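J.: Dropping a structure here in structure tokens format, bear with me for questions.
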Amino acid sequence: MQLHITTSDGVPIYLQIVNQIKYLVASGRLATGDELPPIRAMAEQLVVNPNTVARAYRELELAGVVEKRRTAGTYISSGGSPLARGEQERILTERIDALLTDAQQMSFSTDEVIHMIHDRADNLKTATDPSKEKR
Amino acid sequence: MTRAVPFRMTFHAFLWPLWERNKLGYKIAACVLFGLTIAVYLPMSDVTRQFLSSVYSLICVFLTFTVVGFVPYGMGIQAAAQTSSTYAKVIFTLPVSNEDFVFIPILIAIGGFTFLWLLFVAASIVPLHFYFPVELPIIQAAAMVGLTQCCWLLSVWKRSLVALSMLSVTVVGFLQFEVMFGLLFEGTAPVARYGTAIPGGLFFRSDEELVLGVVAILSILMAMAVAPYARHQASLSRWKLPQRRRILATSNPAPVVLKPKLGSALSAQTWFEGSRRFILLVPSATVGTAFAFLGLASLLESREASMASLHYMGPSYLLSPWMPLPLLLLAGLYFAVLFGPTSPTAASMKGRNHFKEPGINAFVAIRPISSAQLVTARLFMAAKSSVIAGVALAVFFALWPIGAVGTGGNNATVLSHLVSLPTIQNLLLAAVILISLPLLLWCFQVGNVFMDLFGVKGWLIGIGCAGPPLIYLVLQFMDGTLYKLDFLRKGASVNTGLLEHPDVLAKLIGELTIAGVVLIGIKAVLLVISVIRIRRRKLVEDRNLIAYGGIWIATATALVGGFYALLPPGMLSAPYLALIVALVLPLNRILMQIVTVDSNRHR
Amino acid sequence: MTPIVDIQNVTRSFGSKKALDNVTLTQEKGTVVGLVGENGSGKTTLIKHVLGLLKPDAGTVNVFGMNPVTDPVPVLAQIGYLSEEDILPAWMKIHELQRYMQGFYPTWDQEYADQLVQEFGLDRTAKLLTLSKGQRARAGLMAALAYKPALLLLDEPSSGLDPIVRRDILGAIVRTIADEGRTVLFSSHLLGEVDRVADRVAMIKNGKIVFCENLDDLKETHLELTLVFANSRPVPPRFDRAIAAEGSGKEWSIVFKGTTDEAIAAAQAIDATIAEHRWASLDEIFVAYSRPTGGSE
């Protein structure tokens, strides 16, 4: 499980860990029952303060994404699944907001944006199914 | 040969760092010297003037020999200690030719020295018709400077050669003592033997000058030969290409066999102090000198002459005439004083610049060891070193034959010669002196370090201690009594002068005694101050302080008693012995070191 | 519980220059405190006070509840120190260094020391003189870590070192703090490193503490704003809680201390709109406090 910590923007490291783990769960790369590395191992791997990792794990536990089994470690909880959908929606909503803001700044109307989305979706289908001819 | 850089600029490049760092020192020295020169011409009685100028001349001769020894010695010691000053680093980076690199520092040193020396000669020696070959100190300076330049370059090139080269420096350094004491105690300046030029265009007047001159030329040539390699090596170490080591690292097998654990902080620190080269400095210097004087001389001269040199420079009525050991004593003491401050802890404890933010080496300062134990470690190391020196000397005496090898017949050794002498008492005395030599070496190694550590304050304390007695002495003898001895005239010596004028001798002993008592009084006051400071800072537990005091008293008593019992009766009475022992055996100096180390550690 | 490091109202001058001015800093057990500041701001001076190498002119310093000046032995026995200067004796070999240190620290773990030597790729028989700067730093790190000191004190340990060695040093900090009850105090220019491993950050400027806060709190209370003005302005805008401003003309970047709402309100008050806002990075915070232009308009 590879996480990437960056210090160049102002996002606190614990939050980066939380977000990335949530993303991994949402995108399916982490499944229910998978074990997270112990705090110390994670801290050494990422070269960050173990207290930071501990806080991230706590936040994840509070959010229901992970559960701590006594003396056995930290595992992705099954409660992750309904949250996964919510998380996925959140991520997509963020991206849509960003797209709409850009479009507005460049004076594209919402309809033009939707039209472009359909275009790109078709393109994607053609690209993944070479039997169809390009129009 | 066309020069890329004009000579003037190169010269300035070498001169400037030396000047810049010691500006204050040079200015003070210049003031003192000019003051003394002028003082000689102030209105005063003839006798006083003659006395002052003869003392002044003596001081000049002494200074030229020891100061010239000290200054380039600094670089030699640095080479041995493998530290390098900023000056050293800087001049390696200068874009100059090899000849410039070797010659210019030598030129600067000799030029400066010659200028000062000639000044003294004009001011004092010439008007007095003082019998002393003027060119000798200049040749000696050339030899010393050439040798230390050579040693230093050798040490940069190949560290293993340092010890060898340092020995040669000690030999030359000691020639100066021979001259000085010949002058004072035997009434002989170096004997002028060669009146004419020697082939090769060299002109030397005496044995000493010949030796020194040859040494100077050889060492400069050697320095020239080594310079390119040394510079190459220095540039290599700047880029740090230890490729060999990397390969070794990867093929390093299981852990190396461990040496025995150093059980405590004290033993670890003692090990640190004595690590390799530092513990051997004093013994090697002492034995080297013994070798140079008794050893080499006896190889070159006939047996009778060697015997005569064994009897050399005994202040003959004070000790038995066959004492060669005072000579070696002085050699050892000279080096002990010089090398004392170069021990690793001492070097690291010194604040590099007392006037700006101090730069103590933190490595030793942050070890969990008390300041008292830091000093104790140094005492132990000095003791080990002194014992090694004593044993080495004893072995040398036992084995080295007197007399030219191969002249046939009786090749006695120094020890067998001593053993064959008539009285048991003389033998015992010899034994006592052989034992007290290491003790003295230890005292001197340990005793004078604190001045170094204190920086400017140390010098002030030193002057404050030695000043009053010295001033007292000078005042007492201002009436020119000593001048009666005629000892600066040709053929006269302190020895003969004192023998001819017993009243002067009596006065000398009397005044020295008073001065000694005053000095002890001052030291007692300092002792009380040190003890108060130690107790206030809780550097040493009270019961340990009492123990040290007890040990000191016991040792002093034992020494006094021992010497008194063994010396021929009437030579030195007990009170005088007590005085000398009390002055030499360090107690306060050690305690002050503890305070200084603590001050340096916690600025 | 007694703090591990307790510096109270310490003032220290060198000649006429005040290096530390009424500095107070405490550190609890098991935390990492990062000390940041420009060159000459007083970081090294402060660290030397913790070691007892310097005595304060005023104020008190207590480490492990003891004064390092009057009681150096028990304090220093629990401190591991790595300095940016090269203080290891050049003539020592690595195994000699180990042997020397072992005598002083009863907690010395030779197995761990050997493990570190292997990990760092050091040659036990090599003299320190022959090693590169990075290798010497690793040797110093090994010597400071092998006895598992309760307090690890690092004075700009990474300066001038390559990224691999820097990673080793950071890794050592992480491992130290992961061991229960051990504490780290370090000073650094490399704010990225401080960001990764520090629990709290203290900034020193001209001998005074500018802030000493939990790192996450610090970042969450400081925003980087981009303000857009209707009209071009020649001077940086100043308003309450704006620490520093940069830019020109109509667009200005502000480092602001407060919540987003407060920022919006403050921007409205001076007729500006907020084009972008995010949390400020440690770098931006540091630069802002070093060259503040804030204040009310």
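Labeling convention for the structure tokens: chains A, B, ... as they appear, residues from 1 per chain, ligands from 1 in order of appearance.
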Hey, could you make a per-residue contact list for chain A against chain C with 12 Å as the cut-off, showing the nearest pair of atoms and its distance in Å to one decimal, counting only C-alpha atoms, sorted by chain and number, as a Markdown table?

T.:
```
| residue | atom | partner | partner_atom | distance |
| --- | --- | --- | --- | --- |
| A:His4 | CA | C:Arg196 | CA | 11.9 |
| A:Ile5 | CA | C:Arg196 | CA | 8.5 |
| A:Thr6 | CA | C:Gly192 | CA | 8.5 |
| A:Thr7 | CA | C:Gly192 | CA | 5.7 |
| A:Ser8 | CA | C:Ser281 | CA | 6.1 |
| A:Asp9 | CA | C:Ser281 | CA | 4.9 |
| A:Gly10 | CA | C:Ser281 | CA | 3.7 |
| A:Val11 | CA | C:Trp279 | CA | 6.3 |
| A:Pro12 | CA | C:Asp216 | CA | 5.8 |
| A:Ile13 | CA | C:Arg196 | CA | 7.3 |
| A:Tyr14 | CA | C:Asp216 | CA | 8.4 |
| A:Leu15 | CA | C:Asp216 | CA | 9.4 |
| A:Gln16 | CA | C:Arg196 | CA | 11.6 |
| A:Pro38 | CA | C:Ala178 | CA | 11.3 |
| A:Ile39 | CA | C:Ala178 | CA | 8.8 |
| A:Arg40 | CA | C:Ala178 | CA | 6.2 |
| A:Ala41 | CA | C:Ala178 | CA | 9.5 |
| A:Met42 | CA | C:Val174 | CA | 10.4 |
| A:Ala43 | CA | C:Val174 | CA | 6.9 |
| A:Glu44 | CA | C:Val174 | CA | 6.3 |
| A:Gln45 | CA | C:Gly171 | CA | 8.7 |
| A:Leu46 | CA | C:Arg196 | CA | 8.8 |
| A:Val47 | CA | C:Gly171 | CA | 5.9 |
| A:Val48 | CA | C:Arg196 | CA | 4.8 |
| A:Asn49 | CA | C:Val197 | CA | 4.3 |
| A:Pro50 | CA | C:Ala178 | CA | 6.2 |
| A:Asn51 | CA | C:Asp199 | CA | 7.5 |
| A:Thr52 | CA | C:Asp199 | CA | 7.8 |
| A:Val53 | CA | C:Val197 | CA | 10.5 |
| A:Ala54 | CA | C:Ala178 | CA | 10.8 |
| A:Arg55 | CA | C:Asp216 | CA | 10.7 |
| A:Ala56 | CA | C:Asp216 | CA | 11.8 |
| A:Thr101 | CA | C:Ala275 | CA | 11.6 |
| A:Gln105 | CA | C:Ala275 | CA | 11.7 |
```

J.: For those residues, write N, CA and C atoms to a file as a compact mmCIF listing (two decimals), in the first residue's frame.

T.:
```txt
# COMPACT_ATOMS: atom_id res chain seq x y z
N HIS A 4 1.42 8.72 -0.56
CA HIS A 4 2.37 9.77 -0.90
C HIS A 4 2.09 11.01 -0.07
N ILE A 5 3.06 11.39 0.70
CA ILE A 5 2.91 12.56 1.56
C ILE A 5 3.61 13.73 0.91
N THR A 6 2.91 14.84 0.88
CA THR A 6 3.56 16.03 0.37
C THR A 6 3.50 17.14 1.42
N THR A 7 4.57 17.93 1.45
CA THR A 7 4.56 19.01 2.43
C THR A 7 4.47 20.37 1.78
N SER A 8 4.24 20.40 0.48
CA SER A 8 4.32 21.71 -0.17
C SER A 8 3.02 22.49 -0.08
N ASP A 9 1.88 21.81 0.06
CA ASP A 9 0.69 22.62 0.33
C ASP A 9 0.37 22.50 1.82
N GLY A 10 -0.64 23.17 2.25
CA GLY A 10 -0.82 23.30 3.68
C GLY A 10 -1.62 22.18 4.33
N VAL A 11 -1.90 21.12 3.58
CA VAL A 11 -2.76 20.09 4.15
C VAL A 11 -1.99 19.32 5.22
N PRO A 12 -2.57 19.21 6.43
CA PRO A 12 -1.88 18.48 7.49
C PRO A 12 -1.67 17.04 7.08
N ILE A 13 -0.54 16.47 7.53
CA ILE A 13 -0.17 15.14 7.07
C ILE A 13 -1.19 14.09 7.49
N TYR A 14 -1.72 14.22 8.71
CA TYR A 14 -2.69 13.20 9.15
C TYR A 14 -3.90 13.20 8.22
N LEU A 15 -4.25 14.38 7.78
CA LEU A 15 -5.40 14.49 6.89
C LEU A 15 -5.11 13.86 5.53
N GLN A 16 -3.86 14.03 5.08
CA GLN A 16 -3.47 13.40 3.81
C GLN A 16 -3.60 11.89 3.92
N PRO A 38 0.97 -1.58 11.14
CA PRO A 38 1.02 -0.99 12.49
C PRO A 38 1.55 0.45 12.41
N ILE A 39 1.18 1.22 13.41
CA ILE A 39 1.51 2.65 13.39
C ILE A 39 3.01 2.87 13.18
N ARG A 40 3.81 2.13 13.92
CA ARG A 40 5.24 2.35 13.84
C ARG A 40 5.79 2.05 12.45
N ALA A 41 5.31 0.95 11.87
CA ALA A 41 5.80 0.56 10.54
C ALA A 41 5.40 1.61 9.51
N MET A 42 4.17 2.07 9.61
CA MET A 42 3.69 3.09 8.68
C MET A 42 4.51 4.36 8.82
N ALA A 43 4.78 4.73 10.09
CA ALA A 43 5.56 5.95 10.32
C ALA A 43 6.95 5.82 9.73
N GLU A 44 7.57 4.68 9.91
CA GLU A 44 8.92 4.50 9.38
C GLU A 44 8.91 4.47 7.86
N GLN A 45 7.87 3.88 7.30
CA GLN A 45 7.82 3.80 5.84
C GLN A 45 7.62 5.17 5.22
N LEU A 46 6.73 5.96 5.83
CA LEU A 46 6.45 7.28 5.26
C LEU A 46 7.43 8.33 5.75
N VAL A 47 8.20 7.97 6.76
CA VAL A 47 9.10 8.92 7.44
C VAL A 47 8.31 10.11 7.97
N VAL A 48 7.31 9.79 8.79
CA VAL A 48 6.56 10.84 9.47
C VAL A 48 6.42 10.47 10.94
N ASN A 49 6.01 11.43 11.72
CA ASN A 49 5.86 11.22 13.15
C ASN A 49 4.80 10.17 13.44
N PRO A 50 5.13 9.19 14.27
CA PRO A 50 4.13 8.17 14.61
C PRO A 50 2.86 8.76 15.22
N ASN A 51 2.99 9.85 15.95
CA ASN A 51 1.80 10.49 16.52
C ASN A 51 0.86 10.93 15.42
N THR A 52 1.43 11.38 14.31
CA THR A 52 0.59 11.77 13.17
C THR A 52 -0.17 10.58 12.63
N VAL A 53 0.54 9.48 12.46
CA VAL A 53 -0.12 8.26 11.96
C VAL A 53 -1.20 7.83 12.94
N ALA A 54 -0.88 7.91 14.23
CA ALA A 54 -1.85 7.51 15.25
C ALA A 54 -3.11 8.37 15.14
N ARG A 55 -2.93 9.64 14.94
CA ARG A 55 -4.09 10.52 14.81
C ARG A 55 -4.91 10.16 13.58
N ALA A 56 -4.20 9.88 12.48
CA ALA A 56 -4.92 9.50 11.25
C ALA A 56 -5.75 8.24 11.49
N THR A 101 -16.68 25.35 -12.27
CA THR A 101 -16.05 26.66 -11.98
C THR A 101 -15.19 27.09 -13.16
N GLN A 105 -15.71 30.34 -15.72
CA GLN A 105 -14.69 31.37 -15.92
C GLN A 105 -14.36 31.55 -17.39
```

J.: Taking the DSSP secondary structure from the backbone, can you list the residues of segment 33-260 of chain C that are helix (DSSP H, G or I), as a PyMOL selection string?

T.: chain C and resi 43-51+72-76+94-104+110-120+128-130+133-145+163-178+191-197+215-220+260

J.: Do a neighbour search on Thr107 of chain C at 9 Å with only C-alpha atoms, toss out local chain neighbours closer than 5 positions, and write the hits as number ranges by chain.

T.: C: 102, 146-149

J.: Write out, as an mmCIF file, in the first residue's frame, the residues just selected, with N, CA and C atoms.

T.:
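Written out: out_12.cif:
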```cif
data_model
loop_
_atom_site.group_PDB
_atom_site.id
_atom_site.type_symbol
_atom_site.label_atom_id
_atom_site.label_comp_id
_atom_site.auth_asym_id
_atom_site.auth_seq_id
_atom_site.Cartn_x
_atom_site.Cartn_y
_atom_site.Cartn_z
ATOM 1 N N GLN C 102 31.123 3.785 24.590
ATOM 2 C CA GLN C 102 30.579 2.740 25.453
ATOM 3 C C GLN C 102 30.948 2.963 26.906
ATOM 4 N N ALA C 146 23.130 4.842 19.546
ATOM 5 C CA ALA C 146 23.358 3.482 20.039
ATOM 6 C C ALA C 146 23.064 3.310 21.523
ATOM 7 N N TYR C 147 23.092 4.368 22.290
ATOM 8 C CA TYR C 147 22.768 4.188 23.706
ATOM 9 C C TYR C 147 21.340 4.615 24.033
ATOM 10 N N LYS C 148 20.529 4.740 22.991
ATOM 11 C CA LYS C 148 19.100 5.017 23.149
ATOM 12 C C LYS C 148 18.840 6.138 24.162
ATOM 13 N N PRO C 149 19.328 7.349 23.846
ATOM 14 C CA PRO C 149 19.172 8.434 24.812
ATOM 15 C C PRO C 149 17.720 8.854 24.937
#
```

J.: Go ahead and compute the interatomic distance for atom CA of Val531 of chain B and atom CA of Leu51 of chain C, in Å to one decimal.

T.: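 Answer for the atom CA of Val531 of chain B to atom CA of Leu51 of chain C separation: 25.9 Å.
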
J.: Residues near Ala267 of chain C, anyone? I mean within 12 Å using only C-alpha atoms, not counting same-chain ones fewer than 3 positions away, as a ChimeraX atom specification.

T.: /C:225-229,237-242,252-254,256,260-264,270-277,297

J.: Go ahead and write the residues just picked, N, CA and C atoms, as an mmCIF file, in the first residue's frame.

T.:
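Dumped to selection.cif:
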```
data_model
loop_
_atom_site.group_PDB
_atom_site.id
_atom_site.type_symbol
_atom_site.label_atom_id
_atom_site.label_comp_id
_atom_site.auth_asym_id
_atom_site.auth_seq_id
_atom_site.Cartn_x
_atom_site.Cartn_y
_atom_site.Cartn_z
ATOM 1 N N LEU C 225 -4.320 33.219 1.228
ATOM 2 C CA LEU C 225 -5.411 33.795 0.430
ATOM 3 C C LEU C 225 -4.873 34.481 -0.804
ATOM 4 N N THR C 226 -5.655 34.459 -1.856
ATOM 5 C CA THR C 226 -5.342 35.307 -3.002
ATOM 6 C C THR C 226 -6.470 36.336 -3.117
ATOM 7 N N LEU C 227 -6.095 37.577 -2.870
ATOM 8 C CA LEU C 227 -7.092 38.655 -2.919
ATOM 9 C C LEU C 227 -7.047 39.370 -4.254
ATOM 10 N N VAL C 228 -8.226 39.707 -4.750
ATOM 11 C CA VAL C 228 -8.289 40.486 -5.984
ATOM 12 C C VAL C 228 -8.969 41.797 -5.677
ATOM 13 N N PHE C 229 -8.296 42.877 -6.066
ATOM 14 C CA PHE C 229 -8.871 44.195 -5.846
ATOM 15 C C PHE C 229 -9.425 44.753 -7.145
ATOM 16 N N PRO C 237 -1.697 45.401 0.924
ATOM 17 C CA PRO C 237 -2.827 45.700 1.814
ATOM 18 C C PRO C 237 -2.496 45.271 3.236
ATOM 19 N N ARG C 238 -2.978 46.020 4.172
ATOM 20 C CA ARG C 238 -2.755 45.620 5.556
ATOM 21 C C ARG C 238 -4.097 45.523 6.239
ATOM 22 N N PHE C 239 -4.307 44.435 6.922
ATOM 23 C CA PHE C 239 -5.494 44.372 7.767
ATOM 24 C C PHE C 239 -5.215 43.374 8.876
ATOM 25 N N ASP C 240 -6.081 43.413 9.863
ATOM 26 C CA ASP C 240 -5.912 42.571 11.043
ATOM 27 C C ASP C 240 -5.723 41.115 10.682
ATOM 28 N N ARG C 241 -4.794 40.474 11.357
ATOM 29 C CA ARG C 241 -4.581 39.049 11.195
ATOM 30 C C ARG C 241 -3.901 38.667 9.875
ATOM 31 N N ALA C 242 -3.598 39.674 9.085
ATOM 32 C CA ALA C 242 -2.817 39.352 7.888
ATOM 33 C C ALA C 242 -1.345 39.415 8.299
ATOM 34 N N TRP C 252 -3.065 40.037 -4.795
ATOM 35 C CA TRP C 252 -2.136 39.940 -3.682
ATOM 36 C C TRP C 252 -2.302 38.608 -2.971
ATOM 37 N N SER C 253 -1.179 38.016 -2.547
ATOM 38 C CA SER C 253 -1.219 36.807 -1.735
ATOM 39 C C SER C 253 -1.041 37.184 -0.283
ATOM 40 N N ILE C 254 -1.941 36.684 0.545
ATOM 41 C CA ILE C 254 -1.872 37.042 1.966
ATOM 42 C C ILE C 254 -1.774 35.761 2.782
ATOM 43 N N PHE C 256 -2.887 34.555 6.240
ATOM 44 C CA PHE C 256 -3.883 35.091 7.179
ATOM 45 C C PHE C 256 -4.073 34.121 8.325
ATOM 46 N N THR C 260 -11.874 30.622 7.710
ATOM 47 C CA THR C 260 -12.260 31.082 6.371
ATOM 48 C C THR C 260 -13.267 32.207 6.449
ATOM 49 N N ASP C 261 -14.215 32.062 7.373
ATOM 50 C CA ASP C 261 -15.247 33.101 7.491
ATOM 51 C C ASP C 261 -14.629 34.431 7.866
ATOM 52 N N GLU C 262 -13.722 34.366 8.839
ATOM 53 C CA GLU C 262 -13.080 35.615 9.250
ATOM 54 C C GLU C 262 -12.326 36.225 8.083
ATOM 55 N N ALA C 263 -11.731 35.362 7.261
ATOM 56 C CA ALA C 263 -10.983 35.878 6.113
ATOM 57 C C ALA C 263 -11.918 36.588 5.138
ATOM 58 N N ILE C 264 -13.060 35.949 4.892
ATOM 59 C CA ILE C 264 -14.009 36.550 3.942
ATOM 60 C C ILE C 264 -14.447 37.909 4.460
ATOM 61 N N ILE C 270 -12.150 45.438 3.191
ATOM 62 C CA ILE C 270 -11.264 46.323 2.419
ATOM 63 C C ILE C 270 -11.554 46.244 0.930
ATOM 64 N N ASP C 271 -12.774 45.816 0.609
ATOM 65 C CA ASP C 271 -13.212 45.813 -0.785
ATOM 66 C C ASP C 271 -12.383 44.919 -1.674
ATOM 67 N N ALA C 272 -12.154 43.727 -1.194
ATOM 68 C CA ALA C 272 -11.434 42.777 -2.052
ATOM 69 C C ALA C 272 -12.212 41.482 -2.093
ATOM 70 N N THR C 273 -12.029 40.727 -3.161
ATOM 71 C CA THR C 273 -12.645 39.402 -3.199
ATOM 72 C C THR C 273 -11.565 38.337 -3.083
ATOM 73 N N ILE C 274 -11.985 37.205 -2.513
ATOM 74 C CA ILE C 274 -11.018 36.114 -2.346
ATOM 75 C C ILE C 274 -11.112 35.203 -3.551
ATOM 76 N N ALA C 275 -10.079 35.168 -4.354
ATOM 77 C CA ALA C 275 -10.112 34.318 -5.542
ATOM 78 C C ALA C 275 -9.782 32.875 -5.167
ATOM 79 N N GLU C 276 -8.829 32.700 -4.268
ATOM 80 C CA GLU C 276 -8.430 31.348 -3.883
ATOM 81 C C GLU C 276 -8.147 31.349 -2.405
ATOM 82 N N HIS C 277 -8.383 30.242 -1.786
ATOM 83 C CA HIS C 277 -7.921 30.123 -0.407
ATOM 84 C C HIS C 277 -7.619 28.658 -0.102
ATOM 85 N N GLU C 297 -5.235 48.391 8.584
ATOM 86 C CA GLU C 297 -5.134 49.435 7.572
ATOM 87 C C GLU C 297 -5.557 50.762 8.144
#
```

J.: Find the residues of chain C that sit at most 8 Å from chain B; for each, write down the nearest two atoms and how far apart they are in Å, to one decimal. Count only C-alpha atoms. Sort by chain, then by number going up, and give it as CSV.

T.:
```
residue,atom,partner,partner_atom,distance
C:Phe14,CA,B:Glu357,CA,6.8
C:Leu51,CA,B:Ile366,CA,7.1
C:Gly52,CA,B:His602,CA,5.9
C:Leu53,CA,B:His602,CA,4.5
C:Leu54,CA,B:Arg603,CA,4.6
C:Lys55,CA,B:Arg603,CA,5.6
C:Val69,CA,B:His602,CA,6.3
C:Thr70,CA,B:Arg537,CA,6.9
C:Pro72,CA,B:Pro368,CA,6.5
C:Val73,CA,B:Pro368,CA,4.3
C:Pro74,CA,B:Pro368,CA,6.8
C:Val75,CA,B:Pro368,CA,7.5
C:Leu76,CA,B:Pro368,CA,4.9
C:Ala77,CA,B:Pro368,CA,5.0
C:Ile87,CA,B:Phe363,CA,5.6
C:Leu88,CA,B:Phe363,CA,6.2
C:Pro89,CA,B:Phe363,CA,7.9
C:Trp91,CA,B:Gln82,CA,7.9
C:Arg99,CA,B:Lys261,CA,6.7
C:Tyr100,CA,B:Ala268,CA,5.3
C:Met101,CA,B:Ala268,CA,7.5
C:Gln102,CA,B:Leu262,CA,7.0
C:Gly103,CA,B:Ser264,CA,4.8
C:Phe104,CA,B:Ala265,CA,4.5
C:Tyr105,CA,B:Pro368,CA,7.9
C:Asp114,CA,B:Pro255,CA,7.6
C:Gly121,CA,B:Ala249,CA,6.6
C:Leu122,CA,B:Ala249,CA,6.3
C:Asp123,CA,B:Ala249,CA,4.6
C:Arg124,CA,B:Ala249,CA,7.9
C:Ala126,CA,B:Arg245,CA,7.0
C:Thr130,CA,B:Pro242,CA,6.0
C:Leu131,CA,B:Pro242,CA,6.9
C:Ser132,CA,B:Lys240,CA,6.5
```

J.: Applying 12 Å and only C-alpha atoms, which residues near Gly561 of chain B remain after dropping the ones on its own chain fewer than 2 positions away? List them as a list in words.

T.: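 Once the adjacent positions are removed, what remains is Val432, Ile553, Ala554, Thr555, Ala556, Thr557, Ala558, Leu559, Phe563, Tyr564, Ala565, Leu566, Leu567, Leu572, Ser573, Ala574, Pro575, Tyr576, Leu577, Ala578 and Val581 of chain B.
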
J.: Generate a file of the selected residues that holds N, CA and C atoms, formatted as an mmCIF file, in the first residue's frame.

T.:
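Saved as again_29.cif:
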```
data_model
loop_
_atom_site.group_PDB
_atom_site.id
_atom_site.type_symbol
_atom_site.label_atom_id
_atom_site.label_comp_id
_atom_site.auth_asym_id
_atom_site.auth_seq_id
_atom_site.Cartn_x
_atom_site.Cartn_y
_atom_site.Cartn_z
ATOM 1 N N VAL B 432 67.777 8.067 42.642
ATOM 2 C CA VAL B 432 66.711 9.013 43.000
ATOM 3 C C VAL B 432 66.431 9.970 41.842
ATOM 4 N N ILE B 553 50.592 16.570 50.509
ATOM 5 C CA ILE B 553 51.482 16.743 51.665
ATOM 6 C C ILE B 553 52.352 15.505 51.848
ATOM 7 N N ALA B 554 51.723 14.340 51.694
ATOM 8 C CA ALA B 554 52.491 13.107 51.887
ATOM 9 C C ALA B 554 53.610 13.002 50.851
ATOM 10 N N THR B 555 53.263 13.268 49.582
ATOM 11 C CA THR B 555 54.283 13.179 48.528
ATOM 12 C C THR B 555 55.408 14.168 48.768
ATOM 13 N N ALA B 556 55.008 15.398 49.097
ATOM 14 C CA ALA B 556 56.026 16.426 49.305
ATOM 15 C C ALA B 556 56.967 16.024 50.430
ATOM 16 N N THR B 557 56.363 15.555 51.526
ATOM 17 C CA THR B 557 57.194 15.156 52.663
ATOM 18 C C THR B 557 58.133 14.023 52.279
ATOM 19 N N ALA B 558 57.588 13.042 51.558
ATOM 20 C CA ALA B 558 58.413 11.902 51.163
ATOM 21 C C ALA B 558 59.587 12.361 50.303
ATOM 22 N N LEU B 559 59.292 13.258 49.367
ATOM 23 C CA LEU B 559 60.368 13.733 48.482
ATOM 24 C C LEU B 559 61.430 14.484 49.267
ATOM 25 N N PHE B 563 65.186 13.132 49.497
ATOM 26 C CA PHE B 563 66.330 13.874 48.991
ATOM 27 C C PHE B 563 67.289 14.245 50.096
ATOM 28 N N TYR B 564 66.705 14.674 51.212
ATOM 29 C CA TYR B 564 67.574 15.095 52.312
ATOM 30 C C TYR B 564 68.453 13.954 52.784
ATOM 31 N N ALA B 565 67.848 12.772 52.831
ATOM 32 C CA ALA B 565 68.631 11.639 53.302
ATOM 33 C C ALA B 565 69.709 11.257 52.304
ATOM 34 N N LEU B 566 69.430 11.434 51.042
ATOM 35 C CA LEU B 566 70.339 10.897 50.038
ATOM 36 C C LEU B 566 71.393 11.871 49.543
ATOM 37 N N LEU B 567 71.052 13.149 49.603
ATOM 38 C CA LEU B 567 72.038 14.093 49.119
ATOM 39 C C LEU B 567 73.233 14.163 50.071
ATOM 40 N N LEU B 572 72.127 20.846 50.379
ATOM 41 C CA LEU B 572 70.902 21.640 50.429
ATOM 42 C C LEU B 572 70.208 21.310 51.732
ATOM 43 N N SER B 573 69.921 22.318 52.509
ATOM 44 C CA SER B 573 69.285 22.015 53.786
ATOM 45 C C SER B 573 67.797 21.784 53.578
ATOM 46 N N ALA B 574 67.190 21.201 54.573
ATOM 47 C CA ALA B 574 65.790 20.793 54.462
ATOM 48 C C ALA B 574 64.848 21.924 54.072
ATOM 49 N N PRO B 575 64.952 23.084 54.677
ATOM 50 C CA PRO B 575 64.008 24.145 54.292
ATOM 51 C C PRO B 575 64.077 24.482 52.807
ATOM 52 N N TYR B 576 65.305 24.537 52.254
ATOM 53 C CA TYR B 576 65.416 24.836 50.832
ATOM 54 C C TYR B 576 64.764 23.761 49.991
ATOM 55 N N LEU B 577 65.011 22.513 50.395
ATOM 56 C CA LEU B 577 64.391 21.400 49.689
ATOM 57 C C LEU B 577 62.871 21.534 49.726
ATOM 58 N N ALA B 578 62.379 21.839 50.927
ATOM 59 C CA ALA B 578 60.930 21.975 51.073
ATOM 60 C C ALA B 578 60.409 23.059 50.147
ATOM 61 N N VAL B 581 60.435 21.796 46.509
ATOM 62 C CA VAL B 581 59.369 20.804 46.273
ATOM 63 C C VAL B 581 58.009 21.478 46.261
#
```

J.: Quick one: residues within 9 Å of Ala58 of chain C, only C-alpha atoms, excluding same-chain residues fewer than 4 positions away - as a ChimeraX atom specification?

T.: /C:9-12,22

J.: How would the residues just chosen look if you wrote them out with C-alpha atoms as a PDB file, in the first residue's frame?

T.:
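Output contents, as saved in out_29.pdb:
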```pdb
ATOM      1  CA  ASN C   9      12.608  33.362  30.466  1.00  0.00           C
ATOM      2  CA  VAL C  10      16.131  32.781  29.292  1.00  0.00           C
ATOM      3  CA  THR C  11      18.139  35.750  28.104  1.00  0.00           C
ATOM      4  CA  ARG C  12      21.657  35.498  26.788  1.00  0.00           C
ATOM      5  CA  ASN C  22      13.260  36.183  27.288  1.00  0.00           C
TER       6      ASN C  22
END
```
